[in-house]
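A quick write-up on the structure given underneath.
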Amino acid sequence: MISFKDVSKHYPNGTTAVDRLSLELPEGGITVLVGTSGCGKTTTLRMVNRMVEPTSGTVSVGGRDVLRADAAELRRGIGYVIQQAGLFPHRTILDNIATVPLLLGWGRRKARARAAELLELVGLPADSGKRYPHQLSGGQQQRVGVARALAADPPVLLMDEPFGAVDPVVRTQLQNELLRLQSELRKTVVFVTHDIDEAVRLGDRIAIFRTGGHLVQCAPPAELLASPADDFVAGFLGAERGLKLLSLSTLADVDREPVPADGQRWRLVTSERGEPVGWRDTEGPEGDRAPLLPVRPLRDGDSLLTALDESLASPAGLVARVDADGVLTGVTGREAIHEYAGQRHAEAGRAAALKNAAAGTDEAPGTAEASEAAEAPEAAEDPKSPDTSVTA
Ligand SMILES: Nc1ncnc2c1ncn2[C@@H]1O[C@H](COP(=O)(O)OP(=O)(O)OP(=O)(O)O)[C@@H](O)[C@H]1O
């Protein structure tokens with residue numbers, strides 16, 4: 001869908017912002033560009049909609065060289081979201097969202113109706129449409145920015161640090177919203193961030209750049225975490241790579257074990273409806289009258305990192321697992337989580353090794369050429385990216 005072939009961007013002052021970049025961005029997936037400040041992420045992003053033109057090489061969208069396209073037409077097919085949303089201050093929220101449909105000549109009524117639909121899609125109340133940007137919170141403005149970018153249903157969405165200016169709680173909400181929207185809309189998204197945790201959460205693939213506009217590695221998050229190409233990537237991913245890898249898996253991936261039977265030390269006490277209410281130490285001096293210790297029941301969709309945390313907090317070393325109604329369905333122990341984490345790590349590492357082997361020795365692991373060369377069937381699957389799954 002989007003492809004960079006040997007693309008460089010040199011500015012007249014001698015700066016090389018992007019240096020011989022070759023990269024294929026999978027259709028319908030989120031590719032996150034990360035790297036140190038000034039490494040060329042924004043320049044790369046802006047070459048997609050031709051806000052910046054490459055000095056050499058070819059950038060194409062949908063098989064078409066962007067330099068041969070009419071710039072205005074090209075941009076209508078590409079949504080663009082920036083930090084601080086960039087809304088027009090003197091237009092209402094509805095009119096902000098309707099900007100591109102109006103430019104496309106949709107007519108006011110149809111454009112407004114589409115804007116109202118989008119307001120709902122991004123989780124804003126209908127009455128916020130009549131307000132002006134300054135009357136919304138920063139997080140709400142970002143949602144409007146996303147709605148505006150999606151208004152004409154473009155196949156491509158460029159997002160340049162869209163959630164960089166909001167607090168961590170709102171940021172997590174916006175990330176969840178984006179993942180929800182993306183599961184419905186399947187846009188080809190290019191997302192720039194400084195935050196590696198954000199990249200791991202959102203990316204089907206992560207491209208890591210280093211100063212001077214060099215792409216160092218591009219791979220699914222699990223593969224990057226299990227097998228960083230070099231010390232720079234490892235440093236960028238930070239400590240606790242194993243834990244970050246756990247955050248990519250869910251509890252559904254690990255088997256349930258039976259709830260401890262009577263006669264075992266820790267009893268999981270449940271309500272009449274079968275909801276876990278606490279752990280009781282039956283071997284303590286108070287026996288069956290011992291006070292209950294807290295339990296935090298988890299569902300299949302909770303991340304394994306959360307599950308590991310709960311297993312450490314649980315006096316029994318067990319996670320209480322419940323169904324959608326909160327009813328106990330079994331438990332999972334620390335050891336099982338640990339064992340699964342080890343396997344996943346090894347699997348992702350093997351996938352990266354296979355890719356390197358298929359690509360020859362002189363390729364950095366996970367660069368575009370390398371990933372094309374190896375579609376290994378036994379590779380690790382990336383849970384977030386059905387379209388790009390088994391990318392090896
Ligand atoms: N118009 C310009 N003229 C000259 N140099 C530029 C211009 N735009 C960007 N640069 C330089 O190109 C390099 C890459 O810039 P770019 O904005 O793409 O980096 P970035 O990775 O997005 O940075 P940041 O994370 O800080 O936003 C930087 O050294 C920057 O100073």
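Labels for the structure tokens follow display order: chains A, B, ..., residues from 1 in each chain, ligands from 1.
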
| request: Pick out the residues no farther than 9 Å from ligand 1, counting only C-alpha atoms and all ligand atoms, and list them as a PyMOL selection string. | output: chain A and resi 9-18+33-46+52+160-161+192-194+209-213

| field | Residues near Trp266 (chain A), cut-off 7 Å, only C-alpha atoms, skip fewer than 5 positions along chain, as number ranges by chain | value | A: 279-282, 316

Same residues, C-alpha atoms, saved as a short mmCIF file (atom, residue, chain, number, x, y, z; two decimals), in the first residue's frame:
data_model
loop_
_atom_site.label_atom_id
_atom_site.label_comp_id
_atom_site.auth_asym_id
_atom_site.auth_seq_id
_atom_site.Cartn_x
_atom_site.Cartn_y
_atom_site.Cartn_z
CA TRP A 279 -8.58 -15.93 49.37
CA ARG A 280 -8.70 -17.66 52.76
CA ASP A 281 -5.68 -19.19 54.47
CA THR A 282 -7.19 -22.40 55.89
CA ALA A 316 -1.85 -18.28 46.66
#

Write out as a PDB file with N, CA and C atoms, in the first residue's frame which residues come within 10 Å of Asp6 (chain A) when counting only C-alpha atoms, dropping same-chain ones fewer than 5 positions away.
ATOM      1  N   VAL A  18      16.480  11.848   5.955  1.00  0.00           N
ATOM      2  CA  VAL A  18      16.174  10.435   5.708  1.00  0.00           C
ATOM      3  C   VAL A  18      17.221   9.901   4.744  1.00  0.00           C
ATOM      4  N   ASP A  19      17.775   8.748   5.072  1.00  0.00           N
ATOM      5  CA  ASP A  19      18.908   8.238   4.313  1.00  0.00           C
ATOM      6  C   ASP A  19      18.607   6.865   3.715  1.00  0.00           C
ATOM      7  N   ARG A  20      18.359   6.834   2.420  1.00  0.00           N
ATOM      8  CA  ARG A  20      18.162   5.591   1.668  1.00  0.00           C
ATOM      9  C   ARG A  20      17.218   4.619   2.367  1.00  0.00           C
ATOM     10  N   LEU A  21      16.019   5.100   2.556  1.00  0.00           N
ATOM     11  CA  LEU A  21      15.000   4.302   3.251  1.00  0.00           C
ATOM     12  C   LEU A  21      14.261   3.397   2.277  1.00  0.00           C
ATOM     13  N   SER A  22      14.260   2.091   2.582  1.00  0.00           N
ATOM     14  CA  SER A  22      13.411   1.160   1.845  1.00  0.00           C
ATOM     15  C   SER A  22      12.526   0.466   2.847  1.00  0.00           C
ATOM     16  N   LEU A  23      11.222   0.579   2.626  1.00  0.00           N
ATOM     17  CA  LEU A  23      10.282   0.056   3.615  1.00  0.00           C
ATOM     18  C   LEU A  23       8.920  -0.136   2.955  1.00  0.00           C
ATOM     19  N   PRO A  54      10.710  13.835  -1.614  1.00  0.00           N
ATOM     20  CA  PRO A  54      12.019  13.176  -1.481  1.00  0.00           C
ATOM     21  C   PRO A  54      13.047  13.771  -2.434  1.00  0.00           C
ATOM     22  N   SER A  56      15.605  11.882  -3.505  1.00  0.00           N
ATOM     23  CA  SER A  56      15.785  10.776  -4.453  1.00  0.00           C
ATOM     24  C   SER A  56      14.993   9.578  -3.959  1.00  0.00           C
ATOM     25  N   GLY A  57      14.818   8.623  -4.851  1.00  0.00           N
ATOM     26  CA  GLY A  57      14.029   7.446  -4.498  1.00  0.00           C
ATOM     27  C   GLY A  57      12.551   7.668  -4.768  1.00  0.00           C
ATOM     28  N   THR A  58      11.741   6.645  -4.494  1.00  0.00           N
ATOM     29  CA  THR A  58      10.322   6.709  -4.823  1.00  0.00           C
ATOM     30  C   THR A  58       9.455   6.373  -3.619  1.00  0.00           C
ATOM     31  N   VAL A  59       8.502   7.261  -3.368  1.00  0.00           N
ATOM     32  CA  VAL A  59       7.475   6.963  -2.366  1.00  0.00           C
ATOM     33  C   VAL A  59       6.199   6.701  -3.143  1.00  0.00           C
TER      34      VAL A  59
END

Report as a Markdown table: every residue of region 91-128 of chain A with an atom at most 10 Å from region 139-158 of chain A, its closest pair of atoms, and their distance in Å to one decimal, counting only C-alpha atoms, with rows sorted by chain and ascending residue number.
| residue | atom | partner | partner_atom | distance |
| --- | --- | --- | --- | --- |
| A:Ile93 | CA | A:Val144 | CA | 7.1 |
| A:Leu94 | CA | A:Val144 | CA | 8.8 |
| A:Asp95 | CA | A:Arg148 | CA | 9.2 |
| A:Asn96 | CA | A:Arg148 | CA | 6.6 |
| A:Ile97 | CA | A:Arg148 | CA | 4.0 |
| A:Ala98 | CA | A:Ala151 | CA | 6.7 |
| A:Thr99 | CA | A:Arg148 | CA | 7.2 |
| A:Val100 | CA | A:Ala152 | CA | 6.4 |
| A:Pro101 | CA | A:Ala152 | CA | 5.7 |
| A:Leu102 | CA | A:Ala152 | CA | 9.5 |
| A:Leu103 | CA | A:Ala152 | CA | 9.9 |
| A:Leu104 | CA | A:Ala152 | CA | 8.4 |
| A:Trp106 | CA | A:Ala152 | CA | 9.8 |
| A:Ala111 | CA | A:Ala151 | CA | 8.6 |
| A:Arg114 | CA | A:Ala151 | CA | 7.0 |
| A:Ala115 | CA | A:Ala151 | CA | 6.7 |
| A:Ala116 | CA | A:Ala147 | CA | 9.7 |
| A:Glu117 | CA | A:Ala151 | CA | 9.3 |
| A:Leu118 | CA | A:Ala147 | CA | 5.6 |
| A:Leu119 | CA | A:Ala147 | CA | 6.5 |
| A:Glu120 | CA | A:Ala147 | CA | 9.2 |
| A:Leu121 | CA | A:Ala147 | CA | 7.8 |
| A:Val122 | CA | A:Arg143 | CA | 6.0 |
| A:Gly123 | CA | A:Arg143 | CA | 7.8 |
| A:Leu124 | CA | A:Gln140 | CA | 7.4 |
| A:Ser128 | CA | A:Gln140 | CA | 9.4 |

Residues from the last selection, C-alpha atoms, saved as a PDB file, in the first residue's frame:
ATOM      1  CA  ILE A  93     -16.648  20.853  16.137  1.00  0.00           C
ATOM      2  CA  LEU A  94     -19.102  19.579  13.501  1.00  0.00           C
ATOM      3  CA  ASP A  95     -17.763  22.018  10.933  1.00  0.00           C
ATOM      4  CA  ASN A  96     -14.200  21.059  11.784  1.00  0.00           C
ATOM      5  CA  ILE A  97     -14.981  17.408  11.162  1.00  0.00           C
ATOM      6  CA  ALA A  98     -16.878  18.242   7.974  1.00  0.00           C
ATOM      7  CA  THR A  99     -13.907  20.148   6.473  1.00  0.00           C
ATOM      8  CA  VAL A 100     -12.788  17.563   3.923  1.00  0.00           C
ATOM      9  CA  PRO A 101     -16.268  16.371   2.884  1.00  0.00           C
ATOM     10  CA  LEU A 102     -17.142  20.035   2.206  1.00  0.00           C
ATOM     11  CA  LEU A 103     -13.969  20.446   0.162  1.00  0.00           C
ATOM     12  CA  LEU A 104     -15.026  17.376  -1.777  1.00  0.00           C
ATOM     13  CA  TRP A 106     -20.570  16.822  -0.548  1.00  0.00           C
ATOM     14  CA  ALA A 111     -21.221  16.611   5.325  1.00  0.00           C
ATOM     15  CA  ARG A 114     -21.278  12.399   8.264  1.00  0.00           C
ATOM     16  CA  ALA A 115     -19.626  14.586  10.903  1.00  0.00           C
ATOM     17  CA  ALA A 116     -22.305  13.676  13.448  1.00  0.00           C
ATOM     18  CA  GLU A 117     -21.754   9.992  12.682  1.00  0.00           C
ATOM     19  CA  LEU A 118     -18.016  10.389  13.235  1.00  0.00           C
ATOM     20  CA  LEU A 119     -18.521  12.250  16.486  1.00  0.00           C
ATOM     21  CA  GLU A 120     -20.271   9.177  17.790  1.00  0.00           C
ATOM     22  CA  LEU A 121     -17.666   6.847  16.304  1.00  0.00           C
ATOM     23  CA  VAL A 122     -14.862   8.541  18.244  1.00  0.00           C
ATOM     24  CA  GLY A 123     -16.888   8.468  21.454  1.00  0.00           C
ATOM     25  CA  LEU A 124     -17.965  12.100  21.821  1.00  0.00           C
ATOM     26  CA  SER A 128     -20.320  18.555  21.604  1.00  0.00           C
TER      27      SER A 128
END

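Between CA of Gly278 (chain A) and CA of Leu318 (chain A) the separation is 11.8 Å.
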
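Between CA of Asp197 (chain A) and CA of Gly164 (chain A) lies a distance of 12.5 Å.
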
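Checking A:Glu272, A:Glu339, A:Asp302, A:Asp231 one by one against Leu248 (chain A), counting only C-alpha atoms, you find the shortest gap at A:Asp302.
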
| If you run DSSP on this backbone, which residues of region 9-203 of chain A come out as strand (DSSP E), and could you give them as a PyMOL selection string? | chain A and resi 9-10+16-25+30-35+56-61+64-65+78-82+156-160+188-192

Output N, CA and C atoms for every residue in the selection just made, as a short mmCIF file (atom, residue, chain, number, x, y, z; two decimals), in the first residue's frame.
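And here is the file that came out, out-v2.cif:
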data_model
loop_
_atom_site.label_atom_id
_atom_site.label_comp_id
_atom_site.auth_asym_id
_atom_site.auth_seq_id
_atom_site.Cartn_x
_atom_site.Cartn_y
_atom_site.Cartn_z
N LYS A 9 16.11 12.15 1.86
CA LYS A 9 15.72 13.55 1.88
C LYS A 9 16.89 14.36 2.46
N HIS A 10 17.46 15.21 1.61
CA HIS A 10 18.52 16.11 2.06
C HIS A 10 17.95 17.51 2.00
N THR A 16 20.85 15.60 6.33
CA THR A 16 20.20 14.41 5.75
C THR A 16 19.15 13.96 6.75
N ALA A 17 17.88 14.17 6.37
CA ALA A 17 16.80 13.83 7.31
C ALA A 17 16.42 12.36 7.18
N VAL A 18 16.48 11.85 5.96
CA VAL A 18 16.17 10.43 5.71
C VAL A 18 17.22 9.90 4.74
N ASP A 19 17.77 8.75 5.07
CA ASP A 19 18.91 8.24 4.31
C ASP A 19 18.61 6.87 3.71
N ARG A 20 18.36 6.83 2.42
CA ARG A 20 18.16 5.59 1.67
C ARG A 20 17.22 4.62 2.37
N LEU A 21 16.02 5.10 2.56
CA LEU A 21 15.00 4.30 3.25
C LEU A 21 14.26 3.40 2.28
N SER A 22 14.26 2.09 2.58
CA SER A 22 13.41 1.16 1.84
C SER A 22 12.53 0.47 2.85
N LEU A 23 11.22 0.58 2.63
CA LEU A 23 10.28 0.06 3.62
C LEU A 23 8.92 -0.14 2.95
N GLU A 24 8.31 -1.28 3.24
CA GLU A 24 6.95 -1.53 2.75
C GLU A 24 6.02 -1.49 3.95
N LEU A 25 4.95 -0.71 3.87
CA LEU A 25 4.02 -0.66 4.99
C LEU A 25 2.79 -1.49 4.64
N ILE A 30 -1.05 -1.02 11.35
CA ILE A 30 -0.46 0.18 11.96
C ILE A 30 1.05 0.01 11.98
N THR A 31 1.76 0.90 11.29
CA THR A 31 3.22 0.90 11.37
C THR A 31 3.63 2.10 12.21
N VAL A 32 4.40 1.85 13.26
CA VAL A 32 4.80 2.94 14.14
C VAL A 32 6.25 3.29 13.85
N LEU A 33 6.52 4.58 13.66
CA LEU A 33 7.89 5.05 13.45
C LEU A 33 8.39 5.62 14.79
N VAL A 34 9.49 5.06 15.28
CA VAL A 34 10.06 5.58 16.53
C VAL A 34 11.55 5.83 16.35
N GLY A 35 12.11 6.57 17.29
CA GLY A 35 13.55 6.83 17.24
C GLY A 35 13.87 8.12 17.96
N SER A 56 15.60 11.88 -3.50
CA SER A 56 15.78 10.78 -4.45
C SER A 56 14.99 9.58 -3.96
N GLY A 57 14.82 8.62 -4.85
CA GLY A 57 14.03 7.45 -4.50
C GLY A 57 12.55 7.67 -4.77
N THR A 58 11.74 6.64 -4.49
CA THR A 58 10.32 6.71 -4.82
C THR A 58 9.45 6.37 -3.62
N VAL A 59 8.50 7.26 -3.37
CA VAL A 59 7.48 6.96 -2.37
C VAL A 59 6.20 6.70 -3.14
N SER A 60 5.57 5.54 -2.90
CA SER A 60 4.31 5.32 -3.60
C SER A 60 3.21 4.92 -2.63
N VAL A 61 2.00 5.33 -3.00
CA VAL A 61 0.81 5.01 -2.21
C VAL A 61 -0.15 4.30 -3.15
N ARG A 64 1.11 4.03 -6.67
CA ARG A 64 1.29 5.24 -7.47
C ARG A 64 2.36 6.13 -6.85
N ASP A 65 3.32 6.53 -7.66
CA ASP A 65 4.38 7.43 -7.21
C ASP A 65 3.74 8.75 -6.77
N ILE A 78 -5.78 10.76 2.17
CA ILE A 78 -4.88 10.48 3.29
C ILE A 78 -5.27 11.36 4.47
N GLY A 79 -5.78 10.73 5.53
CA GLY A 79 -6.10 11.50 6.74
C GLY A 79 -4.82 11.87 7.47
N TYR A 80 -4.84 13.02 8.14
CA TYR A 80 -3.62 13.51 8.79
C TYR A 80 -3.98 14.03 10.17
N VAL A 81 -3.38 13.46 11.20
CA VAL A 81 -3.66 13.89 12.58
C VAL A 81 -2.35 14.33 13.21
N ILE A 82 -2.37 15.51 13.84
CA ILE A 82 -1.14 16.01 14.46
C ILE A 82 -1.35 16.25 15.96
N VAL A 156 -5.76 5.74 4.01
CA VAL A 156 -4.49 5.92 4.73
C VAL A 156 -4.65 7.00 5.80
N LEU A 157 -4.05 6.75 6.95
CA LEU A 157 -4.10 7.72 8.04
C LEU A 157 -2.67 7.97 8.53
N LEU A 158 -2.26 9.24 8.51
CA LEU A 158 -0.94 9.60 9.04
C LEU A 158 -1.16 10.25 10.39
N MET A 159 -0.45 9.78 11.40
CA MET A 159 -0.66 10.32 12.75
C MET A 159 0.69 10.70 13.34
N ASP A 160 0.92 12.02 13.53
CA ASP A 160 2.22 12.50 14.00
C ASP A 160 2.13 12.87 15.48
N THR A 188 -4.70 1.88 6.65
CA THR A 188 -3.25 1.74 6.66
C THR A 188 -2.73 2.95 7.43
N VAL A 189 -2.21 2.71 8.64
CA VAL A 189 -1.87 3.81 9.53
C VAL A 189 -0.35 3.93 9.67
N VAL A 190 0.15 5.16 9.54
CA VAL A 190 1.55 5.44 9.88
C VAL A 190 1.51 6.34 11.10
N PHE A 191 2.16 5.92 12.16
CA PHE A 191 2.00 6.58 13.46
C PHE A 191 3.38 6.92 14.00
N VAL A 192 3.64 8.20 14.27
CA VAL A 192 4.93 8.62 14.82
C VAL A 192 4.80 8.83 16.33
#

| request: Identify, with DSSP run on backbone atoms, the residues in region 181-266 of chain A assigned to alpha helix (DSSP H), and express the list as a ChimeraX atom specification. | output: /A:181-185,196-202,221-226,231-237,241-246
